[in-house]
Amino acid sequence: MHPSYLGVFLTFARNSLIRDMTFRTNFIIEAISSVSWMIMNLGFYTLVYQFTPSIADWGKYEFFVFIATTMFINSLVQAFFMPNMQELSELVRTGGLDFALLKPIDTQFLVSLHRVNWSSLGNFFVALLLLAYSLPRIEGLQLSPWQYLLYPLYVFLGVWILYSVMIGLAATSIWLGRNQSLYDFWFYITNFSRYPMEIYDGPWGTPLQKFFTFVIPILVVINVPAQLMAKPLIDADWWLAGFAILATVFSLIASRWVFKLALRSYRSASS
Amino acid sequence: MHARVATWWTILKICVEERLVYRGDFALGTLMRFLPIVTQIFLWSAVFVAAETKGIKGYSSTDVIAYYLLTMLARAFSSMPGLATGIARQVREGEIKKFMIQPIDLVSYLLLARIAHKLVYYLVAAGPFALVYYLCRSYFPGWPTPEVFVVFVCSLVLSFMLGFFLEASMGLIAFWFLEVTSLLFVYMLFTFFFSGHMFPLDFLPEPWSTIVDFMPFKYMAYFPAAVFLGKVEGPEMWQGLAIQTGWVLLFIVVCRRMMHAGYARYSGYGG
């Protein structure tokens, strides 16, 4: 019998919310801290734009849309996947993964989604505000309905690409026994995706740009939806939007394969 | 006196050995920490290209990169990962009792452990630092005069002291409020933004640039780097060094007084 995946997920989400609400002050503080971190980031770019009209052809408000996109995607990843991935390496170390393997449900689904960190969604709402603030301020931008349709879709695809990278990294903890620097590594890798891909230019930049577009496709994660919204894709960029769909499918398949492969070498730590 | 020195020496030796256990992981982690510099190089190159200017507030495009590299070094001295949270945890869980019973001074012990930690860190990190600095040598304007260099080294050592006593004082607040996580987060945000780790503080407009002058944070990253690059020179440089010393002395006193006041109001239960 197949379990109802949606039902199980909704139960996870509800339980996490109840848990979060038990420690309400902590919840509020966490939400405030992640928001203030982003506000500092905005402050930094406001400062930079005092000295330049644009960065790699991104004007100030266009770049704010870029930042809003970063916030949307990161808040979703942090809310749904981050706490689980950190726990996965702990499950491997303590042997708690045994219990996950025994449950009559897909193991990857279970370890990826069983906790939802609701406070991370605070940034999601700040991103909405930022988007609403910046969009009307971009000169000569005509928004069409398809942009409103495609933007959420590509944000969604971006989340899946980042998830794939994350579960791929987390799976290594099964091989290594423990991977404490997972979060660090994750931060340093995704750090590349937080900037417009056009800045990676020159003899070093172009190979870097190609690598993070075609090998580990993290550059398309934020760039594609942000371009779509702030600088409606010029003809040449349509292939990039098409590629993003392909990249998502491939990342998901590849990460699933890596996860399954890693599971095979899992040796229980306890019992 | 002799016995005391022997005790300290033993503590130092034990801490050094403890830190050396994970040296491989350590060196890799250090090298990874330079990855954000790569994106900073691309970002600022793009800014300088778009701004069509030779310099922003006296910083050329190579100066900015050199500045980031130097703040990494300064942060290697002034950042104290886990110090405040460690103290807060010891207070909360009652481990602090052992320092009240044993004839070992809490702050001195922590300082020794931290010196050991840093010594090992420099030993292991010297390789990655030298490599990155060598690769990036074209960004540096060249060696400063011996006088400037001496001030630079002094300010690095002072920034270590300042970082230690400031953060230890933050941790000791736990004697009054048991849960200080959120407070520490605010402190971390402040140091990150106002120490100059994120951008050269000279870029700040008024009134911010005056405000940061009155905060101790800028001596933890900005000041050493600015001295090395010759952005602060002559009498201003010596004055800066004097103010930095003043901050260090102030926080030594604050830290001591807080420890004794904390001991006086602490009450522990159970074993």
# chains A, B, ... in the order shown; residues from 1 in each chain; ligands from 1

$ residues_around --residues "Ser36 of chain A" --least-positions-apart "2" --cutoff "12 Å" --atoms "only C-alpha atoms" --output "PyMOL selection string"
(chain A and resi 29-34+38-43+122-123+126) or (chain B and resi 182+185-186+188-190+193)

$ write_last_selection --atoms "C-alpha atoms" --output "CSV table (one decimal), in the first residue's frame"
chain,number,residue,atom,x,y,z
A,29,ILE,CA,13.9,35.9,17.6
A,30,GLU,CA,15.0,33.5,14.8
A,31,ALA,CA,12.7,35.2,12.3
A,32,ILE,CA,14.0,38.6,13.3
A,33,SER,CA,17.7,37.6,13.1
A,34,SER,CA,17.4,36.1,9.6
A,38,MET,CA,19.2,40.3,4.9
A,39,ILE,CA,18.7,44.0,5.7
A,40,MET,CA,22.4,44.3,6.4
A,41,ASN,CA,23.0,42.8,3.0
A,42,LEU,CA,20.7,45.3,1.4
A,43,GLY,CA,22.5,48.1,3.2
A,122,GLY,CA,10.1,35.4,7.6
A,123,ASN,CA,12.5,36.3,4.8
A,126,VAL,CA,10.4,40.5,3.4
B,182,SER,CA,19.8,36.4,20.5
B,185,PHE,CA,23.5,37.2,17.3
B,186,VAL,CA,23.1,41.0,17.4
B,188,MET,CA,27.8,39.1,15.6
B,189,LEU,CA,25.8,41.3,13.2
B,190,PHE,CA,27.4,44.4,14.5
B,193,PHE,CA,29.1,45.0,9.5

$ interface_residues --of "chain B" --to "chain A" --cutoff "10 Å" --atoms "only C-alpha atoms" --output "count of residues only"
40

$ residues_around --residues "segment 133-136 of chain B" --least-positions-apart "2" --cutoff "10 Å" --atoms "only C-alpha atoms" --output "list of chain:residue names"
B:Thr62, B:Ile65, B:Ala66, B:Leu69, B:Leu70, B:Gly127, B:Pro128, B:Phe129, B:Ala130, B:Leu131, B:Ser138, B:Tyr139, B:Phe140

$ write_last_selection --atoms "N, CA and C atoms" --output "tab-separated table (two decimals), in the first residue's frame"
chain	number	residue	atom	x	y	z
B	62	THR	N	42.34	47.38	-7.12
B	62	THR	CA	43.24	46.40	-6.48
B	62	THR	C	43.30	46.63	-4.97
B	65	ILE	N	40.51	44.71	-3.21
B	65	ILE	CA	40.79	43.27	-3.06
B	65	ILE	C	41.84	43.05	-1.96
B	66	ALA	N	42.91	43.86	-2.01
B	66	ALA	CA	43.94	43.75	-0.97
B	66	ALA	C	43.34	43.97	0.40
B	69	LEU	N	41.56	40.86	1.52
B	69	LEU	CA	42.53	39.83	1.92
B	69	LEU	C	43.11	40.14	3.29
B	70	LEU	N	43.38	41.42	3.54
B	70	LEU	CA	43.97	41.81	4.83
B	70	LEU	C	42.97	41.68	5.97
B	127	GLY	N	50.08	27.95	5.71
B	127	GLY	CA	50.20	27.42	4.34
B	127	GLY	C	49.15	28.01	3.42
B	128	PRO	N	47.85	27.77	3.71
B	128	PRO	CA	46.80	28.32	2.85
B	128	PRO	C	46.88	29.84	2.70
B	129	PHE	N	47.16	30.55	3.81
B	129	PHE	CA	47.27	32.02	3.73
B	129	PHE	C	48.40	32.42	2.79
B	130	ALA	N	49.57	31.80	2.96
B	130	ALA	CA	50.72	32.14	2.12
B	130	ALA	C	50.39	31.88	0.66
B	131	LEU	N	49.74	30.75	0.41
B	131	LEU	CA	49.40	30.39	-0.97
B	131	LEU	C	48.49	31.44	-1.60
B	138	SER	N	49.64	40.47	-6.89
B	138	SER	CA	49.55	41.65	-7.76
B	138	SER	C	48.55	42.68	-7.24
B	139	TYR	N	47.68	42.26	-6.31
B	139	TYR	CA	46.71	43.21	-5.77
B	139	TYR	C	47.31	44.13	-4.72
B	140	PHE	N	48.46	43.71	-4.15
B	140	PHE	CA	49.02	44.49	-3.06
B	140	PHE	C	49.92	45.61	-3.60

$ select_by_dssp --residues "segment 21-229 of chain A" --states "alpha helix (DSSP H)" --output "PyMOL selection string"
chain A and resi 21-22+24-51+60-80+82-94+97-102+107-113+122-134+145-176+182-190+202-210+219-229

$ write_last_selection --atoms "C-alpha atoms" --output "compact mmCIF listing (two decimals), in the first residue's frame"
# COMPACT_ATOMS: atom_id res chain seq x y z
CA MET A 21 4.93 27.64 18.60
CA THR A 22 5.83 25.99 21.89
CA ARG A 24 7.36 31.27 20.66
CA THR A 25 9.95 33.85 21.71
CA ASN A 26 12.69 31.77 20.19
CA PHE A 27 10.64 31.58 17.00
CA ILE A 28 10.28 35.35 16.81
CA ILE A 29 13.94 35.95 17.56
CA GLU A 30 14.98 33.51 14.85
CA ALA A 31 12.73 35.19 12.33
CA ILE A 32 14.03 38.64 13.27
CA SER A 33 17.65 37.56 13.06
CA SER A 34 17.36 36.08 9.60
CA VAL A 35 15.53 39.20 8.44
CA SER A 36 18.13 41.55 9.92
CA TRP A 37 20.87 39.61 8.22
CA MET A 38 19.24 40.33 4.87
CA ILE A 39 18.67 43.96 5.74
CA MET A 40 22.39 44.32 6.35
CA ASN A 41 23.01 42.80 2.98
CA LEU A 42 20.65 45.32 1.41
CA GLY A 43 22.52 48.08 3.24
CA PHE A 44 25.75 46.88 1.71
CA TYR A 45 24.38 47.01 -1.82
CA THR A 46 22.72 50.37 -1.25
CA LEU A 47 26.18 51.59 -0.32
CA VAL A 48 27.78 50.05 -3.39
CA TYR A 49 25.18 51.67 -5.64
CA GLN A 50 26.19 55.06 -4.24
CA PHE A 51 29.37 54.71 -6.26
CA LYS A 60 20.01 49.32 -8.47
CA TYR A 61 16.36 48.25 -8.45
CA GLU A 62 16.99 45.43 -10.89
CA PHE A 63 19.57 44.17 -8.45
CA PHE A 64 17.11 44.50 -5.60
CA VAL A 65 14.81 42.17 -7.53
CA PHE A 66 17.79 39.84 -7.75
CA ILE A 67 18.24 40.02 -3.99
CA ALA A 68 14.52 39.42 -3.45
CA THR A 69 14.80 36.32 -5.62
CA THR A 70 17.76 35.14 -3.56
CA MET A 71 15.68 35.62 -0.43
CA PHE A 72 12.69 33.72 -1.80
CA ILE A 73 14.77 30.74 -2.79
CA ASN A 74 16.98 30.68 0.28
CA SER A 75 14.10 31.05 2.70
CA LEU A 76 12.29 28.13 1.07
CA VAL A 77 15.41 25.97 1.13
CA GLN A 78 16.14 26.92 4.73
CA ALA A 79 12.58 26.31 5.82
CA PHE A 80 12.06 22.92 4.22
CA MET A 82 18.21 22.83 5.69
CA PRO A 83 17.25 21.53 9.16
CA ASN A 84 16.71 18.05 7.75
CA MET A 85 20.03 17.89 5.95
CA GLN A 86 21.86 18.95 9.09
CA GLU A 87 20.04 16.26 10.97
CA LEU A 88 20.86 13.63 8.38
CA SER A 89 24.56 13.65 9.21
CA GLU A 90 23.62 13.36 12.87
CA LEU A 91 21.30 10.44 12.07
CA VAL A 92 24.16 8.70 10.31
CA ARG A 93 26.56 9.23 13.18
CA THR A 94 24.19 7.99 15.85
CA LEU A 97 18.95 6.36 10.22
CA ASP A 98 17.95 2.73 10.93
CA PHE A 99 14.53 3.94 11.97
CA ALA A 100 14.11 5.99 8.81
CA LEU A 101 15.08 3.00 6.66
CA LEU A 102 12.54 0.77 8.35
CA THR A 107 13.71 7.18 2.70
CA GLN A 108 14.80 10.24 0.77
CA PHE A 109 11.38 11.80 1.21
CA LEU A 110 11.40 11.06 4.91
CA VAL A 111 14.87 12.41 5.71
CA SER A 112 14.44 15.44 3.44
CA LEU A 113 11.18 16.79 4.73
CA GLY A 122 10.13 35.35 7.64
CA ASN A 123 12.48 36.28 4.84
CA PHE A 124 9.93 35.12 2.31
CA PHE A 125 7.62 37.96 3.31
CA VAL A 126 10.42 40.50 3.39
CA ALA A 127 11.28 39.36 -0.13
CA LEU A 128 7.69 39.97 -1.20
CA LEU A 129 7.87 43.51 0.17
CA LEU A 130 11.22 44.12 -1.49
CA LEU A 131 9.91 42.85 -4.80
CA ALA A 132 6.83 45.06 -4.58
CA TYR A 133 9.05 48.02 -3.72
CA SER A 134 11.63 47.51 -6.46
CA PRO A 145 1.13 38.18 -17.20
CA TRP A 146 3.50 35.44 -18.31
CA GLN A 147 6.19 36.95 -16.10
CA TYR A 148 3.96 36.49 -13.08
CA LEU A 149 3.42 32.90 -14.13
CA LEU A 150 6.98 31.99 -14.96
CA TYR A 151 8.68 33.73 -12.03
CA PRO A 152 7.21 31.51 -9.30
CA LEU A 153 7.82 28.48 -11.51
CA TYR A 154 11.52 29.29 -11.87
CA VAL A 155 11.85 30.13 -8.19
CA PHE A 156 10.43 26.67 -7.56
CA LEU A 157 12.89 25.06 -9.98
CA GLY A 158 15.73 26.93 -8.29
CA VAL A 159 14.72 25.50 -4.94
CA TRP A 160 14.88 21.99 -6.40
CA ILE A 161 18.35 22.54 -7.86
CA LEU A 162 19.65 23.76 -4.52
CA TYR A 163 17.96 20.85 -2.80
CA SER A 164 19.74 18.45 -5.14
CA VAL A 165 23.12 19.98 -4.37
CA MET A 166 22.30 19.84 -0.70
CA ILE A 167 21.20 16.23 -0.52
CA GLY A 168 24.22 15.32 -2.64
CA LEU A 169 26.47 16.97 -0.07
CA ALA A 170 24.56 15.47 2.83
CA ALA A 171 24.83 12.00 1.31
CA THR A 172 28.59 12.27 1.63
CA SER A 173 28.10 12.16 5.39
CA ILE A 174 27.01 8.55 4.95
CA TRP A 175 30.40 7.78 3.43
CA LEU A 176 32.44 9.94 5.74
CA LEU A 182 28.45 20.54 5.66
CA TYR A 183 26.87 23.89 6.32
CA ASP A 184 30.14 25.74 5.68
CA PHE A 185 30.67 23.94 2.44
CA TRP A 186 27.11 24.59 1.40
CA PHE A 187 27.53 28.28 2.15
CA TYR A 188 30.75 28.59 0.16
CA ILE A 189 29.34 26.76 -2.85
CA THR A 190 26.06 28.63 -2.99
CA GLY A 202 37.53 37.26 -18.15
CA PRO A 203 40.10 34.45 -18.36
CA TRP A 204 39.17 33.13 -14.91
CA GLY A 205 35.57 34.17 -14.80
CA THR A 206 34.29 32.56 -17.99
CA PRO A 207 35.40 29.00 -17.11
CA LEU A 208 34.01 29.54 -13.61
CA GLN A 209 30.71 30.71 -15.08
CA LYS A 210 30.53 27.71 -17.40
CA LEU A 219 24.19 29.91 -11.32
CA VAL A 220 20.85 29.39 -13.05
CA VAL A 221 19.08 29.08 -9.70
CA ILE A 222 18.69 32.80 -9.01
CA ASN A 223 19.82 34.32 -12.28
CA VAL A 224 17.06 32.89 -14.46
CA PRO A 225 14.04 33.97 -12.39
CA ALA A 226 15.64 37.32 -11.52
CA GLN A 227 16.41 38.09 -15.18
CA LEU A 228 12.96 36.97 -16.16
CA MET A 229 11.39 39.43 -13.77

$ atom_distance --atom1 "atom CA of Pro81 of chain B" --atom2 "atom CA of His117 of chain B"
10.4 Å

$ residues_around --residues "Val91 of chain B" --least-positions-apart "3" --cutoff "8 Å" --atoms "only C-alpha atoms" --output "PyMOL selection string"
chain B and resi 87-88+94-96+174-175+178

$ residues_around --residues "segment 218-227 of chain B" --least-positions-apart "4" --cutoff "7 Å" --atoms "only C-alpha atoms" --output "PDB file with N, CA and C atoms, in the first residue's frame"
ATOM      1  N   TYR B  67      42.394  44.918   0.458  1.00  0.00           N
ATOM      2  CA  TYR B  67      41.730  45.202   1.725  1.00  0.00           C
ATOM      3  C   TYR B  67      40.989  43.968   2.236  1.00  0.00           C
ATOM      4  N   LEU B  70      43.381  41.425   3.541  1.00  0.00           N
ATOM      5  CA  LEU B  70      43.971  41.805   4.829  1.00  0.00           C
ATOM      6  C   LEU B  70      42.969  41.682   5.969  1.00  0.00           C
ATOM      7  N   THR B  71      41.696  41.980   5.677  1.00  0.00           N
ATOM      8  CA  THR B  71      40.716  41.822   6.768  1.00  0.00           C
ATOM      9  C   THR B  71      40.555  40.346   7.130  1.00  0.00           C
ATOM     10  N   ALA B  74      43.136  39.914   9.597  1.00  0.00           N
ATOM     11  CA  ALA B  74      42.776  40.560  10.858  1.00  0.00           C
ATOM     12  C   ALA B  74      41.705  39.765  11.590  1.00  0.00           C
ATOM     13  N   ARG B  75      40.748  39.235  10.823  1.00  0.00           N
ATOM     14  CA  ARG B  75      39.698  38.441  11.448  1.00  0.00           C
ATOM     15  C   ARG B  75      40.260  37.137  12.015  1.00  0.00           C
ATOM     16  N   SER B  78      41.131  38.451  15.365  1.00  0.00           N
ATOM     17  CA  SER B  78      40.115  39.010  16.267  1.00  0.00           C
ATOM     18  C   SER B  78      38.864  38.157  16.428  1.00  0.00           C
ATOM     19  N   VAL B 148      55.371  51.312   9.598  1.00  0.00           N
ATOM     20  CA  VAL B 148      53.978  50.931   9.361  1.00  0.00           C
ATOM     21  C   VAL B 148      53.775  49.449   9.663  1.00  0.00           C
ATOM     22  N   PHE B 152      51.258  47.710  12.166  1.00  0.00           N
ATOM     23  CA  PHE B 152      50.325  46.707  11.642  1.00  0.00           C
ATOM     24  C   PHE B 152      50.327  45.454  12.527  1.00  0.00           C
ATOM     25  N   SER B 155      48.798  46.158  15.885  1.00  0.00           N
ATOM     26  CA  SER B 155      47.342  46.288  15.842  1.00  0.00           C
ATOM     27  C   SER B 155      46.689  44.922  15.677  1.00  0.00           C
ATOM     28  N   LEU B 156      47.389  43.986  15.010  1.00  0.00           N
ATOM     29  CA  LEU B 156      46.836  42.625  14.896  1.00  0.00           C
ATOM     30  C   LEU B 156      46.776  41.958  16.262  1.00  0.00           C
ATOM     31  N   SER B 159      44.143  43.482  18.234  1.00  0.00           N
ATOM     32  CA  SER B 159      42.813  43.100  17.779  1.00  0.00           C
ATOM     33  C   SER B 159      42.447  41.725  18.330  1.00  0.00           C
ATOM     34  N   GLY B 163      39.210  41.422  20.576  1.00  0.00           N
ATOM     35  CA  GLY B 163      38.217  40.410  20.232  1.00  0.00           C
ATOM     36  C   GLY B 163      37.946  39.506  21.413  1.00  0.00           C
ATOM     37  N   PHE B 194      30.204  46.429  11.128  1.00  0.00           N
ATOM     38  CA  PHE B 194      30.942  47.626  11.529  1.00  0.00           C
ATOM     39  C   PHE B 194      32.427  47.392  11.768  1.00  0.00           C
ATOM     40  N   SER B 195      32.875  46.122  11.668  1.00  0.00           N
ATOM     41  CA  SER B 195      34.311  45.910  11.803  1.00  0.00           C
ATOM     42  C   SER B 195      35.014  46.206  10.477  1.00  0.00           C
ATOM     43  N   GLY B 196      34.214  46.299   9.417  1.00  0.00           N
ATOM     44  CA  GLY B 196      34.819  46.550   8.116  1.00  0.00           C
ATOM     45  C   GLY B 196      35.109  45.268   7.374  1.00  0.00           C
ATOM     46  N   HIS B 197      34.522  44.173   7.862  1.00  0.00           N
ATOM     47  CA  HIS B 197      34.736  42.887   7.225  1.00  0.00           C
ATOM     48  C   HIS B 197      34.015  42.816   5.881  1.00  0.00           C
ATOM     49  N   PRO B 200      35.297  48.299   2.947  1.00  0.00           N
ATOM     50  CA  PRO B 200      36.136  49.296   3.624  1.00  0.00           C
ATOM     51  C   PRO B 200      35.262  50.358   4.284  1.00  0.00           C
ATOM     52  N   LEU B 201      35.502  50.619   5.555  1.00  0.00           N
ATOM     53  CA  LEU B 201      34.633  51.543   6.286  1.00  0.00           C
ATOM     54  C   LEU B 201      34.684  52.965   5.742  1.00  0.00           C
ATOM     55  N   VAL B 212      30.911  54.849  13.490  1.00  0.00           N
ATOM     56  CA  VAL B 212      31.842  53.715  13.613  1.00  0.00           C
ATOM     57  C   VAL B 212      33.153  54.124  14.289  1.00  0.00           C
ATOM     58  N   LYS B 231      46.120  53.687   4.269  1.00  0.00           N
ATOM     59  CA  LYS B 231      44.946  54.551   4.254  1.00  0.00           C
ATOM     60  C   LYS B 231      44.868  55.377   5.536  1.00  0.00           C
ATOM     61  N   VAL B 232      45.516  54.872   6.571  1.00  0.00           N
ATOM     62  CA  VAL B 232      45.627  55.628   7.819  1.00  0.00           C
ATOM     63  C   VAL B 232      47.121  55.764   8.056  1.00  0.00           C
ATOM     64  N   GLU B 233      47.619  56.985   8.110  1.00  0.00           N
ATOM     65  CA  GLU B 233      49.071  57.113   8.253  1.00  0.00           C
ATOM     66  C   GLU B 233      49.450  58.278   9.166  1.00  0.00           C
ATOM     67  N   MET B 237      47.689  57.358  12.497  1.00  0.00           N
ATOM     68  CA  MET B 237      47.921  55.935  12.697  1.00  0.00           C
ATOM     69  C   MET B 237      48.268  55.659  14.157  1.00  0.00           C
ATOM     70  N   GLN B 244      42.976  52.018  20.103  1.00  0.00           N
ATOM     71  CA  GLN B 244      42.786  50.569  20.141  1.00  0.00           C
ATOM     72  C   GLN B 244      43.261  50.010  21.488  1.00  0.00           C
TER      73      GLN B 244
END

$ closest_residue --among "A:Trp238, A:Phe23, A:Lys103, A:Val116" --to "Phe9 of chain A" --atoms "only C-alpha atoms"
A:Val116

$ residues_around --residues "Ile252 of chain B" --least-positions-apart "4" --cutoff "7 Å" --atoms "only C-alpha atoms" --output "PyMOL selection string"
chain B and resi 165+248+256

$ write_last_selection --atoms "C-alpha atoms" --output "PDB file, in the first residue's frame"
ATOM      1  CA  PHE B 165      37.894  40.518  26.025  1.00  0.00           C
ATOM      2  CA  VAL B 248      41.580  46.733  25.024  1.00  0.00           C
ATOM      3  CA  ARG B 256      37.217  41.236  35.192  1.00  0.00           C
TER       4      ARG B 256
END

$ closest_residue --among "B:Val180, B:Ala76, B:Ile104, B:Leu158" --to "Ile243 of chain B" --atoms "only C-alpha atoms"
B:Leu158
